[in-house]
>>> print(open('entry_33.pdb').read())   # PDB, C-alpha atoms, pLDDT in the B column
ATOM      1  CA  MET A   1      96.293 117.812 149.231  1.00 59.00           C
ATOM      2  CA  PRO A   2      97.705 116.987 152.639  1.00 65.00           C
ATOM      3  CA  LYS A   3     100.321 114.265 152.899  1.00 71.00           C
ATOM      4  CA  ASP A   4     100.190 111.227 155.191  1.00 70.00           C
ATOM      5  CA  HIS A   5     103.024 109.859 157.410  1.00 72.00           C
ATOM      6  CA  TYR A   6     104.740 108.057 154.554  1.00 75.00           C
ATOM      7  CA  GLY A   7     104.793 110.922 152.044  1.00 72.00           C
ATOM      8  CA  GLY A   8     101.777 109.779 150.037  1.00 76.00           C
ATOM      9  CA  GLN A   9      98.498 111.625 149.681  1.00 78.00           C
ATOM     10  CA  LYS A  10      95.837 111.354 152.355  1.00 78.00           C
ATOM     11  CA  LYS A  11      92.460 109.899 151.574  1.00 80.00           C
ATOM     12  CA  LYS A  12      89.775 112.564 151.280  1.00 83.00           C
ATOM     13  CA  GLN A  13      87.311 112.266 154.152  1.00 87.00           C
ATOM     14  CA  ARG A  14      83.609 112.023 153.486  1.00 88.00           C
ATOM     15  CA  SER A  15      81.220 114.616 154.818  1.00 92.00           C
ATOM     16  CA  LEU A  16      79.056 113.908 157.861  1.00 92.00           C
ATOM     17  CA  VAL A  17      75.947 113.657 155.652  1.00 92.00           C
ATOM     18  CA  GLN A  18      77.582 111.061 153.408  1.00 91.00           C
ATOM     19  CA  ARG A  19      78.763 109.011 156.383  1.00 90.00           C
ATOM     20  CA  ALA A  20      75.291 109.078 157.917  1.00 90.00           C
ATOM     21  CA  ALA A  21      73.706 108.031 154.643  1.00 87.00           C
ATOM     22  CA  HIS A  22      76.073 105.067 154.231  1.00 87.00           C
ATOM     23  CA  SER A  23      75.800 103.895 157.798  1.00 87.00           C
ATOM     24  CA  ALA A  24      71.970 104.131 157.968  1.00 86.00           C
ATOM     25  CA  PRO A  25      70.001 100.896 157.507  1.00 85.00           C
ATOM     26  CA  ARG A  26      68.771 100.400 153.953  1.00 81.00           C
ATOM     27  CA  ALA A  27      65.143  99.808 153.122  1.00 77.00           C
ATOM     28  CA  ARG A  28      64.912  96.464 151.368  1.00 78.00           C
ATOM     29  CA  GLY A  29      61.567  95.468 150.000  1.00 81.00           C
ATOM     30  CA  LYS A  30      60.339  91.975 149.448  1.00 83.00           C
ATOM     31  CA  ILE A  31      62.132  90.099 146.693  1.00 83.00           C
ATOM     32  CA  LYS A  32      59.927  89.884 143.636  1.00 83.00           C
ATOM     33  CA  VAL A  33      59.220  86.412 142.363  1.00 86.00           C
ATOM     34  CA  LYS A  34      59.766  86.110 138.627  1.00 85.00           C
ATOM     35  CA  THR A  35      56.783  84.639 136.816  1.00 85.00           C
ATOM     36  CA  PHE A  36      57.335  82.572 133.706  1.00 81.00           C
ATOM     37  CA  THR A  37      54.673  82.742 131.039  1.00 82.00           C
ATOM     38  CA  LYS A  38      54.637  80.443 128.072  1.00 82.00           C
ATOM     39  CA  ASP A  39      53.792  82.046 124.750  1.00 84.00           C
ATOM     40  CA  ALA A  40      52.156  79.401 122.569  1.00 83.00           C
ATOM     41  CA  SER A  41      52.882  81.364 119.401  1.00 83.00           C
ATOM     42  CA  ARG A  42      56.669  81.125 119.905  1.00 85.00           C
ATOM     43  CA  THR A  43      59.214  78.297 119.881  1.00 85.00           C
ATOM     44  CA  THR A  44      61.623  77.505 122.725  1.00 83.00           C
ATOM     45  CA  PHE A  45      64.110  79.934 121.218  1.00 85.00           C
ATOM     46  CA  GLY A  46      61.649  82.827 120.905  1.00 83.00           C
ATOM     47  CA  ARG A  47      60.958  82.585 117.182  1.00 87.00           C
ATOM     48  CA  LEU A  48      57.405  82.869 115.925  1.00 86.00           C
ATOM     49  CA  LYS A  49      55.899  79.524 114.978  1.00 84.00           C
ATOM     50  CA  ASP A  50      54.414  78.939 111.543  1.00 80.00           C
ATOM     51  CA  ASN A  51      50.656  79.010 111.678  1.00 75.00           C
ATOM     52  CA  PRO A  52      49.388  75.911 109.817  1.00 69.00           C
ATOM     53  CA  ASP A  53      45.795  77.220 109.868  1.00 70.00           C
ATOM     54  CA  LYS A  54      46.800  80.280 107.902  1.00 69.00           C
ATOM     55  CA  ALA A  55      46.317  79.672 104.170  1.00 63.00           C
ATOM     56  CA  LYS A  56      49.189  80.550 101.856  1.00 64.00           C
ATOM     57  CA  PRO A  57      48.542  83.617  99.709  1.00 62.00           C
ATOM     58  CA  PRO A  58      47.951  83.050  95.997  1.00 60.00           C
ATOM     59  CA  PRO A  59      50.905  83.729  93.687  1.00 56.00           C
ATOM     60  CA  ILE A  60      51.365  87.380  92.789  1.00 63.00           C
ATOM     61  CA  GLY A  61      52.113  86.810  89.080  1.00 66.00           C
ATOM     62  CA  LYS A  62      49.710  86.153  86.251  1.00 73.00           C
ATOM     63  CA  GLN A  63      48.322  82.710  85.461  1.00 79.00           C
ATOM     64  CA  ILE A  64      49.579  81.136  82.242  1.00 82.00           C
ATOM     65  CA  VAL A  65      46.904  79.879  79.855  1.00 84.00           C
ATOM     66  CA  LYS A  66      47.800  77.218  77.288  1.00 86.00           C
ATOM     67  CA  GLY A  67      48.320  78.786  73.875  1.00 87.00           C
ATOM     68  CA  GLN A  68      48.740  82.258  75.339  1.00 89.00           C
ATOM     69  CA  PHE A  69      52.313  82.641  74.027  1.00 91.00           C
ATOM     70  CA  GLU A  70      53.856  81.620  70.709  1.00 91.00           C
ATOM     71  CA  LYS A  71      55.572  78.214  70.662  1.00 91.00           C
ATOM     72  CA  MET A  72      59.296  77.992  69.843  1.00 91.00           C
ATOM     73  CA  LEU A  73      61.534  74.947  69.566  1.00 91.00           C
ATOM     74  CA  GLY A  74      64.141  74.808  72.319  1.00 92.00           C
ATOM     75  CA  THR A  75      62.248  77.050  74.745  1.00 94.00           C
ATOM     76  CA  ARG A  76      59.803  76.571  77.573  1.00 93.00           C
ATOM     77  CA  ILE A  77      57.396  78.940  79.363  1.00 93.00           C
ATOM     78  CA  GLN A  78      57.777  78.748  83.150  1.00 91.00           C
ATOM     79  CA  HIS A  79      56.924  80.695  86.276  1.00 88.00           C
ATOM     80  CA  ASN A  80      59.770  82.658  87.832  1.00 86.00           C
ATOM     81  CA  LYS A  81      60.264  82.659  91.630  1.00 82.00           C
ATOM     82  CA  GLY A  82      58.032  85.715  91.953  1.00 78.00           C
ATOM     83  CA  GLY A  83      55.256  84.031  89.957  1.00 82.00           C
ATOM     84  CA  VAL A  84      56.087  85.974  86.791  1.00 87.00           C
ATOM     85  CA  PRO A  85      55.928  83.977  83.520  1.00 90.00           C
ATOM     86  CA  VAL A  86      59.270  83.754  81.639  1.00 93.00           C
ATOM     87  CA  ARG A  87      60.519  82.006  78.485  1.00 94.00           C
ATOM     88  CA  VAL A  88      63.556  79.813  79.253  1.00 95.00           C
ATOM     89  CA  VAL A  89      65.985  78.730  76.529  1.00 95.00           C
ATOM     90  CA  LEU A  90      66.699  75.065  77.335  1.00 93.00           C
ATOM     91  CA  GLU A  91      70.229  75.012  75.912  1.00 90.00           C
ATOM     92  CA  SER A  92      71.592  77.970  77.897  1.00 92.00           C
ATOM     93  CA  GLY A  93      69.020  78.440  80.683  1.00 93.00           C
ATOM     94  CA  LYS A  94      68.683  82.153  79.881  1.00 94.00           C
ATOM     95  CA  GLU A  95      65.312  83.753  80.681  1.00 94.00           C
ATOM     96  CA  PHE A  96      63.371  86.187  78.496  1.00 95.00           C
ATOM     97  CA  ALA A  97      59.973  87.836  78.560  1.00 93.00           C
ATOM     98  CA  PRO A  98      57.506  85.346  77.035  1.00 92.00           C
ATOM     99  CA  ALA A  99      56.288  87.719  74.325  1.00 91.00           C
ATOM    100  CA  ASN A 100      59.804  88.864  73.312  1.00 92.00           C
ATOM    101  CA  ILE A 101      60.318  86.423  70.428  1.00 93.00           C
ATOM    102  CA  SER A 102      62.876  88.535  68.551  1.00 94.00           C
ATOM    103  CA  ARG A 103      65.382  88.532  71.438  1.00 95.00           C
ATOM    104  CA  VAL A 104      64.962  84.769  71.841  1.00 95.00           C
ATOM    105  CA  LYS A 105      65.576  84.229  68.121  1.00 95.00           C
ATOM    106  CA  GLN A 106      68.735  86.381  68.314  1.00 96.00           C
ATOM    107  CA  HIS A 107      69.975  84.378  71.299  1.00 96.00           C
ATOM    108  CA  MET A 108      69.219  81.061  69.574  1.00 94.00           C
ATOM    109  CA  ALA A 109      71.089  82.264  66.423  1.00 95.00           C
ATOM    110  CA  LYS A 110      74.076  83.176  68.613  1.00 95.00           C
ATOM    111  CA  LEU A 111      74.015  79.694  70.171  1.00 93.00           C
ATOM    112  CA  ASP A 112      73.757  78.059  66.711  1.00 93.00           C
ATOM    113  CA  LYS A 113      76.746  80.085  65.491  1.00 95.00           C
ATOM    114  CA  ALA A 114      78.833  79.055  68.523  1.00 92.00           C
ATOM    115  CA  ARG A 115      77.805  75.407  68.018  1.00 90.00           C
ATOM    116  CA  ALA A 116      78.800  75.556  64.320  1.00 91.00           C
ATOM    117  CA  GLU A 117      82.208  76.994  65.277  1.00 92.00           C
ATOM    118  CA  ARG A 118      82.753  74.202  67.804  1.00 89.00           C
ATOM    119  CA  GLU A 119      81.860  71.582  65.197  1.00 89.00           C
ATOM    120  CA  GLU A 120      84.190  73.202  62.638  1.00 90.00           C
ATOM    121  CA  ILE A 121      87.093  73.237  65.112  1.00 90.00           C
ATOM    122  CA  ALA A 122      86.410  69.596  66.016  1.00 88.00           C
ATOM    123  CA  ARG A 123      86.369  68.645  62.301  1.00 88.00           C
ATOM    124  CA  ILE A 124      89.687  70.460  61.661  1.00 90.00           C
ATOM    125  CA  ARG A 125      91.366  68.797  64.631  1.00 89.00           C
ATOM    126  CA  GLY A 126      90.020  65.417  63.696  1.00 87.00           C
ATOM    127  CA  ASP A 127      88.066  65.029  66.951  1.00 84.00           C
ATOM    128  CA  GLU A 128      84.564  63.647  67.195  1.00 81.00           C
ATOM    129  CA  VAL A 129      81.928  66.148  66.183  1.00 74.00           C
ATOM    130  CA  PRO A 130      79.707  66.764  69.245  1.00 69.00           C
ATOM    131  CA  VAL A 131      76.072  65.838  68.641  1.00 70.00           C
ATOM    132  CA  ASP A 132      73.448  67.836  70.486  1.00 65.00           C
ATOM    133  CA  GLU A 133      70.757  66.146  72.561  1.00 57.00           C
ATOM    134  CA  GLU A 134      68.028  67.972  70.629  1.00 55.00           C
ATOM    135  CA  LYS A 135      69.327  66.666  67.281  1.00 59.00           C
ATOM    136  CA  LYS A 136      69.341  63.137  68.682  1.00 55.00           C
ATOM    137  CA  LYS A 137      65.708  63.495  69.747  1.00 54.00           C
ATOM    138  CA  LEU A 138      64.684  64.986  66.401  1.00 53.00           C
ATOM    139  CA  ALA A 139      66.509  62.246  64.457  1.00 53.00           C
ATOM    140  CA  ALA A 140      64.823  59.460  66.426  1.00 50.00           C
TER     141      ALA A 140
END
>>> encode(input="entry_33.pdb", output="structure tokens")
Amino acid sequence: MPKDHYGGQKKKQRSLVQRAAHSAPRARGKIKVKTFTKDASRTTFGRLKDNPDKAKPPPIGKQIVKGQFEKMLGTRIQHNKGGVPVRVVLESGKEFAPANISRVKQHMAKLDKARAEREEIARIRGDEVPVDEEKKKLAA
């Protein structure tokens, strides 16, 4: 590269075609006016609005019929979030399949054993023996 008067590098000159292109008047069209359209199905922030006319779909799970499953003390049959029926142990809140009685009985036996151990430890220490809410209800 050629050097300028001060020892630095000279600026590269543009070609005649480039100079003509930059100096020629530019074609500027009319400025487009932006049109605003309001979408009635969306909120101010662009989210879709809930359609109140649209009916909610029926639950996916099965319907529970009274007497369909065996009754057990300390449990309740409920619908899960997905609409699936489950058996809930009231003491622990653990969920089981409604027809799976054997697993529920095992879990209840485990809870009874833990409760008996707690009562034994309380008796040995001389503390008050904790009384369960269910026993209070059954005694009354």
>>> residues_around(input="entry_33.pdb", residues="Glu95 (chain A)", least_positions_apart="6", cutoff="10 Å", atoms="only C-alpha atoms", output="count of residues only")
11
>>> residues_near_point(input="entry_33.pdb", point="(68.7, 85.3, 69.5)", cutoff="12 Å", atoms="all atoms listed in the file", output="PyMOL selection string")
chain A and resi 72+74-75+89+92+94-96+100-114
>>> closest_residue(input="entry_33.pdb", among="A:Ser41, A:Phe69, A:Lys81, A:Asp50", to="Ala97 (chain A)", atoms="only C-alpha atoms")
A:Phe69
>>> atom_distance(input="entry_33.pdb", atom1="CA of His79 (chain A)", atom2="CA of Lys62 (chain A)")
9.0 Å
>>> atom_distance(input="entry_33.pdb", atom1="CA of Leu48 (chain A)", atom2="CA of Phe36 (chain A)")
17.8 Å
>>> atom_distance(input="entry_33.pdb", atom1="CA of Asp4 (chain A)", atom2="CA of Gln18 (chain A)")
22.7 Å
>>> residues_around(input="entry_33.pdb", residues="region 118-120 of chain A", least_positions_apart="3", cutoff="7 Å", atoms="all atoms listed in the file", output="PDB file with C-alpha atoms, keeping the file's coordinate frame")
ATOM      1  CA  ALA A 114      78.833  79.055  68.523  1.00 92.00           C
ATOM      2  CA  ARG A 115      77.805  75.407  68.018  1.00 90.00           C
ATOM      3  CA  ARG A 123      86.369  68.645  62.301  1.00 88.00           C
ATOM      4  CA  ILE A 124      89.687  70.460  61.661  1.00 90.00           C
ATOM      5  CA  VAL A 129      81.928  66.148  66.183  1.00 74.00           C
ATOM      6  CA  PRO A 130      79.707  66.764  69.245  1.00 69.00           C
TER       7      PRO A 130
END
>>> closest_residue(input="entry_33.pdb", among="A:Gln63, A:Ala122, A:Ile31, A:Lys38", to="Val84 (chain A)", atoms="only C-alpha atoms")
A:Gln63
>>> decode(input="entry_33.pdb", residues="region 95-110 of chain A", atoms="N, CA, C and O atoms", output="tab-separated table (two decimals), in the first residue's frame")
chain	number	residue	atom	x	y	z
A	95	GLU	N	-51.40	-42.81	47.88
A	95	GLU	CA	-52.43	-43.22	46.92
A	95	GLU	C	-52.13	-44.61	46.37
A	95	GLU	O	-50.98	-44.94	46.10
A	96	PHE	N	-53.20	-45.40	46.20
A	96	PHE	CA	-53.10	-46.74	45.64
A	96	PHE	C	-54.18	-46.91	44.59
A	96	PHE	O	-55.14	-46.13	44.53
A	97	ALA	N	-54.05	-47.96	43.80
A	97	ALA	CA	-55.12	-48.32	42.87
A	97	ALA	C	-56.32	-48.77	43.72
A	97	ALA	O	-56.13	-49.45	44.73
A	98	PRO	N	-57.54	-48.42	43.35
A	98	PRO	CA	-58.69	-48.71	44.20
A	98	PRO	C	-58.93	-50.20	44.43
A	98	PRO	O	-59.42	-50.60	45.48
A	99	ALA	N	-58.58	-51.04	43.47
A	99	ALA	CA	-58.84	-52.47	43.61
A	99	ALA	C	-57.69	-53.19	44.31
A	99	ALA	O	-57.83	-54.36	44.65
A	100	ASN	N	-56.58	-52.53	44.57
A	100	ASN	CA	-55.40	-53.16	45.15
A	100	ASN	C	-55.49	-53.14	46.68
A	100	ASN	O	-54.80	-52.38	47.35
A	101	ILE	N	-56.32	-54.01	47.23
A	101	ILE	CA	-56.58	-54.04	48.66
A	101	ILE	C	-55.37	-54.56	49.44
A	101	ILE	O	-55.07	-54.08	50.53
A	102	SER	N	-54.67	-55.55	48.87
A	102	SER	CA	-53.56	-56.16	49.60
A	102	SER	C	-52.45	-55.16	49.89
A	102	SER	O	-51.91	-55.12	51.01
A	103	ARG	N	-52.12	-54.31	48.93
A	103	ARG	CA	-51.07	-53.30	49.15
A	103	ARG	C	-51.52	-52.29	50.20
A	103	ARG	O	-50.72	-51.84	51.03
A	104	VAL	N	-52.79	-51.94	50.20
A	104	VAL	CA	-53.32	-50.99	51.19
A	104	VAL	C	-53.25	-51.60	52.58
A	104	VAL	O	-52.85	-50.93	53.54
A	105	LYS	N	-53.61	-52.89	52.68
A	105	LYS	CA	-53.54	-53.56	53.99
A	105	LYS	C	-52.10	-53.62	54.50
A	105	LYS	O	-51.85	-53.42	55.69
A	106	GLN	N	-51.14	-53.90	53.60
A	106	GLN	CA	-49.73	-53.91	53.99
A	106	GLN	C	-49.30	-52.54	54.51
A	106	GLN	O	-48.62	-52.43	55.53
A	107	HIS	N	-49.71	-51.50	53.80
A	107	HIS	CA	-49.34	-50.14	54.19
A	107	HIS	C	-49.97	-49.79	55.54
A	107	HIS	O	-49.30	-49.19	56.40
A	108	MET	N	-51.22	-50.16	55.73
A	108	MET	CA	-51.90	-49.86	56.99
A	108	MET	C	-51.24	-50.62	58.15
A	108	MET	O	-51.09	-50.09	59.25
A	109	ALA	N	-50.79	-51.89	57.90
A	109	ALA	CA	-50.09	-52.67	58.93
A	109	ALA	C	-48.77	-52.00	59.29
A	109	ALA	O	-48.39	-51.94	60.47
A	110	LYS	N	-48.09	-51.47	58.28
A	110	LYS	CA	-46.82	-50.76	58.51
A	110	LYS	C	-47.06	-49.52	59.37
A	110	LYS	O	-46.30	-49.23	60.31
